[in-house]
Amino acid sequence: MKVTKFGGSSLASAAQLCKVLDIIKADYERRFVIVSAPGKRTADDTKVTDALIKYYQNYRAGNDVSADQEWIIDRYRAIIEELHLGSDILEKIATAIKVLATLPIENNRFLYDTFLAAGEDNNAKLIAAFFSQNDVPAQYIHPREAGITVSSEPSNARILPSSYDKLENLREYNDVLVIPGFFGVTVDNEICTFSRGGSDITGSIVAAGVKADLYENFTDVNGIFAAHPGVIDNPHSIPELTYKEMRELAYAGFSVLHDEALIPAYRGKVPLVIKNTNNPDHPGTKIVIENTGKDMPVIGIAGDDHFVSINISKYLMNREVGFGRKVLQILEDLNIRFEHMPTGIDDMSIVLRDRELTPIKEQEIITQLTRKLEVDHVDIQHDLSIIMIVGENMKSQVGVMSTATKALSDNHINLTMISQGSSEVSIMFVVNSEDEKKAVRALYNAFFK
Ligand code: ASP
């Protein structure tokens, strides 16, 4: 059986919902359907979730909210009328949207999440009604009934492990179950959402919980490209990659799926496929648990900017017991996360995302390194990018690094740092951000052309 998740653009209009119905009808194994809120119909449209944020803000500020309510109800109305669904579903949705503006404001940590969750919740009701009216026996099921119990962290919920046993019971249903994505319920029965884009996480959790054979994630692209289409003209899409490879690419800027969405399906050993609602015959990109022996050493190239490097030198650093720990302690005390730490004999660099620093924190780091650790030199280098070449097969192939560095040197790109983890799933190059695109192009041409 399959868990099938549709993103907002796949559910933005009646025409899109007809494609979704065809997809569900084409395969009776599609038994669990996870839905987002209606997304944008055109580039300058508003997502229902964003409209709900505005509605929430006006309600909190004590402003008149009738225009916000009408706009949101109208989005559902347009879909309902075009699909000729009964007026009772529209009434139900209209009431649910209006009721939000009667909820207590004071001492209500979950008010914002309750507003936002209404986008997916009402869409799931609508879609279940649409399926049932079109020969697909379907039921809407609230995350509370489904068993999606989450931590009490507003807008950043985490699934509680106990949920998985309860979710397994969903296998007993005969109807197609339509489950709203993006939120769960706390042990105190409060609505709590994942972070933005979190319907992908719900799909992954349900796939692991019901022990699905496949988690299908339908979006509006034909899968994952081997490089960013904004940098490479018409990059090819990757037919298959492993979870580890996907994690590396996602880390460096590939954002087809929510970051946290990979973990539940990976732990549950459920393969995932990314497919296009507008082109469902395209095989898409499959993300599998184990490498199935493709012979390409590199499957994708990613680049991401806004990195900073703290470069430290101290003569005889290698002989000083505890030096590394003391450096990291300074960062920890300032609540700073770091990403990479390449070292030399007497040097150490700490690479981090620039959002972790402020001018005050930078000054503090320099002061503490100089005074407490008596380093000979410290500087903070800004405007760096990381480039990752990713592929599990590179560990058994000779010459990957030489192909990469030759391509970069032929294009006169200066390398600031190179790092490869012991798992050899990727090689990371640090370059000046002004060279990032040129570097990705050089590597793409070297490995794929
Ligand atoms: N509707 C939510 C958002 O826009 C969640 C999602 O679509 O996955 O962030």
# chains A, B, ... in the order shown; residues from 1 in each chain; ligands from 1
>>> residues_near_ligand(ligand="ligand 1", cutoff="9 Å", atoms="only C-alpha atoms and all ligand atoms", output="ChimeraX atom specification")
/A:6-9,35-39,47-50,116-117,119-120,181-183,193-202,258
>>> residues_around(residues="Glu70 in chain A", least_positions_apart="4", cutoff="12 Å", atoms="only C-alpha atoms", output="PyMOL selection string")
chain A and resi 48+51-52+55+64-66+74-78+93-95+97-98
>>> residues_around(residues="Tyr28 in chain A", least_positions_apart="5", cutoff="12 Å", atoms="only C-alpha atoms", output="list in words")
Met1, Lys2, Val3, Thr4, Leu21, Asp22, Ile23, Val33, Val136, Pro137, Asn174, Asp175 and Val176 of chain A
>>> select_by_dssp(residues="range 248-408 of chain A", states="alpha helix (DSSP H)", output="compact mmCIF listing (two decimals) with C-alpha atoms, in the first residue's frame")
# COMPACT_ATOMS: atom_id res chain seq x y z
CA GLU A 248 23.51 15.80 1.42
CA LEU A 249 21.86 17.56 -1.51
CA ALA A 250 19.09 18.96 0.67
CA TYR A 251 21.68 20.27 3.10
CA LEU A 262 13.11 12.34 5.20
CA ILE A 263 13.70 10.96 8.68
CA PRO A 264 10.46 9.10 9.52
CA ALA A 265 10.26 7.33 6.15
CA TYR A 266 13.97 6.53 6.25
CA ARG A 267 13.74 5.04 9.74
CA PHE A 323 42.24 23.20 22.50
CA GLY A 324 39.42 22.13 20.17
CA ARG A 325 37.01 21.66 23.05
CA LYS A 326 37.74 25.13 24.38
CA VAL A 327 37.11 26.70 20.97
CA LEU A 328 33.80 24.88 20.63
CA GLN A 329 32.87 25.84 24.19
CA ILE A 330 33.13 29.51 23.22
CA LEU A 331 30.67 28.89 20.40
CA GLU A 332 28.37 26.83 22.60
CA ASP A 333 28.25 29.53 25.26
CA PRO A 359 28.63 41.72 14.86
CA ILE A 360 28.59 41.54 18.66
CA LYS A 361 29.01 37.76 18.68
CA GLU A 362 31.85 38.03 16.15
CA GLN A 363 33.67 40.50 18.36
CA GLU A 364 33.13 38.29 21.39
CA ILE A 365 34.55 35.25 19.59
CA ILE A 366 37.66 37.15 18.54
CA THR A 367 38.17 38.58 22.03
CA GLN A 368 37.80 35.22 23.76
CA LEU A 369 40.02 33.36 21.31
CA THR A 370 42.73 35.97 21.68
CA ARG A 371 42.54 36.46 25.43
CA VAL A 400 36.56 11.81 -8.63
CA MET A 401 38.48 14.47 -6.74
CA SER A 402 40.90 14.97 -9.61
CA THR A 403 38.04 15.43 -12.12
CA ALA A 404 36.46 17.98 -9.79
CA THR A 405 39.56 19.98 -8.99
CA LYS A 406 40.68 20.00 -12.62
CA ALA A 407 37.30 21.39 -13.66
CA LEU A 408 37.56 24.08 -11.01
>>> atom_distance(atom1="CA of Gly62 in chain A", atom2="CA of Pro154 in chain A")
22.0 Å
>>> closest_residue(among="A:Ser423, A:Ser87, A:Asn107, A:Asn279", to="Gln16 in chain A", atoms="only C-alpha atoms")
A:Asn279
>>> closest_residue(among="A:Gly209, A:Thr219, A:Asp410, A:Ala118", to="Leu443 in chain A", atoms="only C-alpha atoms")
A:Asp410
>>> residues_around(residues="range 232-240 of chain A", least_positions_apart="2", cutoff="7 Å", atoms="only C-alpha atoms", output="VMD selection string")
chain A and resid 223 to 230 284 to 287 441
>>> write_last_selection(atoms="all heavy atoms", output="short mmCIF file (atom, residue, chain, number, x, y, z; two decimals), in the first residue's frame")
data_model
loop_
_atom_site.label_atom_id
_atom_site.label_comp_id
_atom_site.auth_asym_id
_atom_site.auth_seq_id
_atom_site.Cartn_x
_atom_site.Cartn_y
_atom_site.Cartn_z
N GLY A 223 10.60 15.75 -10.53
CA GLY A 223 11.56 15.05 -9.67
C GLY A 223 12.67 15.98 -9.28
O GLY A 223 12.53 17.21 -9.36
N ILE A 224 13.78 15.39 -8.86
CA ILE A 224 14.91 16.19 -8.36
C ILE A 224 15.93 16.33 -9.48
O ILE A 224 16.36 15.34 -10.07
CB ILE A 224 15.52 15.50 -7.13
CG1 ILE A 224 14.46 15.51 -6.02
CG2 ILE A 224 16.79 16.19 -6.69
CD1 ILE A 224 14.82 14.67 -4.86
N PHE A 225 16.30 17.55 -9.75
CA PHE A 225 17.30 17.79 -10.80
C PHE A 225 18.71 17.55 -10.24
O PHE A 225 18.95 17.73 -9.05
CB PHE A 225 17.22 19.23 -11.30
CG PHE A 225 15.91 19.53 -11.98
CD1 PHE A 225 15.04 20.49 -11.48
CD2 PHE A 225 15.55 18.87 -13.13
CE1 PHE A 225 13.84 20.77 -12.10
CE2 PHE A 225 14.35 19.14 -13.77
CZ PHE A 225 13.49 20.09 -13.26
N ALA A 226 19.62 17.21 -11.16
CA ALA A 226 21.00 16.94 -10.73
C ALA A 226 21.74 18.23 -10.34
O ALA A 226 22.79 18.18 -9.71
CB ALA A 226 21.76 16.23 -11.84
N ALA A 227 21.19 19.37 -10.74
CA ALA A 227 21.74 20.66 -10.30
C ALA A 227 20.60 21.68 -10.38
O ALA A 227 19.57 21.41 -11.00
CB ALA A 227 22.90 21.09 -11.19
N HIS A 228 20.80 22.82 -9.76
CA HIS A 228 19.72 23.80 -9.71
C HIS A 228 19.41 24.35 -11.10
O HIS A 228 20.32 24.83 -11.79
CB HIS A 228 20.12 24.93 -8.77
CG HIS A 228 18.94 25.74 -8.33
ND1 HIS A 228 18.28 26.58 -9.17
CD2 HIS A 228 18.30 25.78 -7.15
CE1 HIS A 228 17.27 27.14 -8.52
NE2 HIS A 228 17.27 26.67 -7.29
N PRO A 229 18.12 24.30 -11.54
CA PRO A 229 17.79 24.80 -12.88
C PRO A 229 18.02 26.30 -13.05
O PRO A 229 18.12 26.79 -14.18
CB PRO A 229 16.31 24.45 -13.06
CG PRO A 229 15.82 23.97 -11.75
CD PRO A 229 16.97 23.72 -10.84
N GLY A 230 18.14 27.02 -11.95
CA GLY A 230 18.47 28.44 -12.05
C GLY A 230 19.94 28.65 -12.40
O GLY A 230 20.34 29.75 -12.80
N GLY A 284 9.51 10.23 -12.25
CA GLY A 284 9.91 11.03 -11.09
C GLY A 284 11.27 10.60 -10.54
O GLY A 284 12.05 9.94 -11.22
N THR A 285 11.52 10.98 -9.29
CA THR A 285 12.79 10.61 -8.64
C THR A 285 12.49 9.71 -7.46
O THR A 285 11.68 10.06 -6.60
CB THR A 285 13.52 11.86 -8.13
OG1 THR A 285 13.87 12.67 -9.24
CG2 THR A 285 14.79 11.49 -7.37
N LYS A 286 13.14 8.55 -7.43
CA LYS A 286 12.92 7.63 -6.32
C LYS A 286 14.05 7.76 -5.31
O LYS A 286 15.22 7.82 -5.69
CB LYS A 286 12.84 6.21 -6.86
CG LYS A 286 12.29 5.24 -5.87
CD LYS A 286 11.73 4.00 -6.54
CE LYS A 286 11.10 3.13 -5.45
NZ LYS A 286 10.83 1.79 -5.86
N ILE A 287 13.70 7.81 -4.03
CA ILE A 287 14.70 7.88 -2.97
C ILE A 287 14.65 6.54 -2.23
O ILE A 287 13.61 6.18 -1.66
CB ILE A 287 14.43 9.06 -2.02
CG1 ILE A 287 14.30 10.36 -2.83
CG2 ILE A 287 15.53 9.18 -0.98
CD1 ILE A 287 13.95 11.58 -2.01
N ARG A 441 28.59 25.11 -12.48
CA ARG A 441 28.56 24.84 -13.93
C ARG A 441 29.77 24.01 -14.35
O ARG A 441 29.65 23.06 -15.11
CB ARG A 441 28.53 26.14 -14.73
CG ARG A 441 27.17 26.78 -14.71
CD ARG A 441 27.09 27.99 -15.66
NE ARG A 441 26.00 28.81 -15.19
CZ ARG A 441 26.10 30.04 -14.69
NH1 ARG A 441 27.29 30.64 -14.64
NH2 ARG A 441 25.05 30.68 -14.26
#
>>> residues_around(residues="His306 in chain A", least_positions_apart="6", cutoff="10 Å", atoms="only C-alpha atoms", output="PyMOL selection string")
chain A and resi 352-355+382-386+433
>>> atom_distance(atom1="CA of Asp27 in chain A", atom2="CA of Leu126 in chain A")
20.9 Å
>>> select_by_dssp(residues="range 8-211 of chain A", states="strand (DSSP E)", output="count of residues only")
20
>>> closest_residue(among="A:Arg158, A:Lys25, A:Lys92, A:Lys211", to="Leu170 in chain A", atoms="only C-alpha atoms")
A:Lys211
>>> residues_around(residues="Phe130 in chain A", least_positions_apart="4", cutoff="10 Å", atoms="only C-alpha atoms", output="VMD selection string")
chain A and resid 17 to 18 21 80 83 to 86 89 124 to 126 134 to 138
>>> atom_distance(atom1="CA of His377 in chain A", atom2="CA of Glu339 in chain A")
21.2 Å
>>> decode(residues="range 227-344 of chain A", atoms="C-alpha atoms", output="short mmCIF file (atom, residue, chain, number, x, y, z; two decimals), in the first residue's frame")
data_model
loop_
_atom_site.label_atom_id
_atom_site.label_comp_id
_atom_site.auth_asym_id
_atom_site.auth_seq_id
_atom_site.Cartn_x
_atom_site.Cartn_y
_atom_site.Cartn_z
CA ALA A 227 21.74 20.66 -10.30
CA HIS A 228 19.72 23.80 -9.71
CA PRO A 229 17.79 24.80 -12.88
CA GLY A 230 18.47 28.44 -12.05
CA VAL A 231 22.18 27.74 -12.55
CA ILE A 232 22.25 25.01 -15.21
CA ASP A 233 20.01 25.20 -18.29
CA ASN A 234 17.77 22.16 -18.42
CA PRO A 235 19.55 19.94 -15.94
CA HIS A 236 18.56 16.27 -16.11
CA SER A 237 16.41 14.83 -13.34
CA ILE A 238 17.83 12.08 -11.15
CA PRO A 239 15.93 8.78 -11.59
CA GLU A 240 17.09 7.29 -8.29
CA LEU A 241 19.18 8.28 -5.30
CA THR A 242 19.60 7.12 -1.72
CA TYR A 243 18.33 8.85 1.41
CA LYS A 244 21.92 9.66 2.34
CA GLU A 245 22.52 11.32 -1.03
CA MET A 246 19.25 13.24 -0.73
CA ARG A 247 20.18 14.45 2.73
CA GLU A 248 23.51 15.80 1.42
CA LEU A 249 21.86 17.56 -1.51
CA ALA A 250 19.09 18.96 0.67
CA TYR A 251 21.68 20.27 3.10
CA ALA A 252 23.30 22.28 0.34
CA GLY A 253 20.18 23.92 -1.00
CA PHE A 254 18.03 21.30 -2.78
CA SER A 255 14.66 22.08 -1.30
CA VAL A 256 12.07 19.91 -3.04
CA LEU A 257 11.09 18.29 0.24
CA HIS A 258 10.91 19.63 3.79
CA ASP A 259 14.21 18.87 5.59
CA GLU A 260 12.56 16.95 8.40
CA ALA A 261 10.43 14.86 6.05
CA LEU A 262 13.11 12.34 5.20
CA ILE A 263 13.70 10.96 8.68
CA PRO A 264 10.46 9.10 9.52
CA ALA A 265 10.26 7.33 6.15
CA TYR A 266 13.97 6.53 6.25
CA ARG A 267 13.74 5.04 9.74
CA GLY A 268 10.62 3.13 8.72
CA LYS A 269 12.54 1.87 5.66
CA VAL A 270 9.89 3.19 3.29
CA PRO A 271 11.19 4.31 -0.13
CA LEU A 272 9.95 7.66 -1.36
CA VAL A 273 9.16 8.90 -4.83
CA ILE A 274 8.78 12.50 -5.92
CA LYS A 275 6.33 12.85 -8.77
CA ASN A 276 4.60 15.55 -10.78
CA THR A 277 0.80 15.90 -10.49
CA ASN A 278 0.82 17.64 -13.87
CA ASN A 279 2.82 14.85 -15.50
CA PRO A 280 2.01 11.67 -13.55
CA ASP A 281 3.38 9.31 -16.21
CA HIS A 282 6.89 10.65 -15.66
CA PRO A 283 8.65 8.19 -13.31
CA GLY A 284 9.91 11.03 -11.09
CA THR A 285 12.79 10.61 -8.64
CA LYS A 286 12.92 7.63 -6.32
CA ILE A 287 14.70 7.88 -2.97
CA VAL A 288 15.74 4.44 -1.79
CA ILE A 289 17.26 3.05 1.39
CA GLU A 290 20.21 1.20 -0.15
CA ASN A 291 22.33 2.12 -3.11
CA THR A 292 21.24 -0.19 -5.92
CA GLY A 293 24.54 -0.09 -7.76
CA LYS A 294 24.26 2.70 -10.30
CA ASP A 295 27.66 3.18 -11.86
CA MET A 296 27.75 6.98 -11.79
CA PRO A 297 30.13 8.25 -9.13
CA VAL A 298 28.32 11.59 -8.79
CA ILE A 299 24.53 11.94 -8.89
CA GLY A 300 24.06 15.60 -8.07
CA ILE A 301 25.80 18.92 -7.48
CA ALA A 302 24.50 21.50 -5.05
CA GLY A 303 25.67 24.93 -3.98
CA ASP A 304 24.59 27.12 -1.11
CA ASP A 305 25.73 30.55 0.03
CA HIS A 306 25.77 32.63 3.21
CA PHE A 307 28.59 30.74 4.88
CA VAL A 308 31.29 32.21 7.10
CA SER A 309 34.59 30.76 8.25
CA ILE A 310 36.33 31.48 11.54
CA ASN A 311 40.00 30.86 10.83
CA ILE A 312 42.25 30.26 13.80
CA SER A 313 46.03 29.66 13.95
CA LYS A 314 48.22 28.93 16.94
CA TYR A 315 51.75 27.66 16.86
CA LEU A 316 51.90 24.08 18.30
CA MET A 317 48.11 23.85 18.42
CA ASN A 318 48.40 20.11 17.82
CA ARG A 319 50.21 19.60 21.14
CA GLU A 320 47.69 21.46 23.27
CA VAL A 321 45.28 19.06 24.98
CA GLY A 322 41.70 20.36 24.97
CA PHE A 323 42.24 23.20 22.50
CA GLY A 324 39.42 22.13 20.17
CA ARG A 325 37.01 21.66 23.05
CA LYS A 326 37.74 25.13 24.38
CA VAL A 327 37.11 26.70 20.97
CA LEU A 328 33.80 24.88 20.63
CA GLN A 329 32.87 25.84 24.19
CA ILE A 330 33.13 29.51 23.22
CA LEU A 331 30.67 28.89 20.40
CA GLU A 332 28.37 26.83 22.60
CA ASP A 333 28.25 29.53 25.26
CA LEU A 334 27.15 31.98 22.56
CA ASN A 335 24.52 29.49 21.34
CA ILE A 336 26.16 29.18 17.92
CA ARG A 337 25.81 26.09 15.72
CA PHE A 338 28.68 25.16 13.48
CA GLU A 339 28.66 23.03 10.34
CA HIS A 340 32.21 21.94 9.43
CA MET A 341 35.61 22.03 11.03
CA PRO A 342 38.54 21.36 8.70
CA THR A 343 41.90 21.45 10.46
CA GLY A 344 45.62 21.75 9.70
#
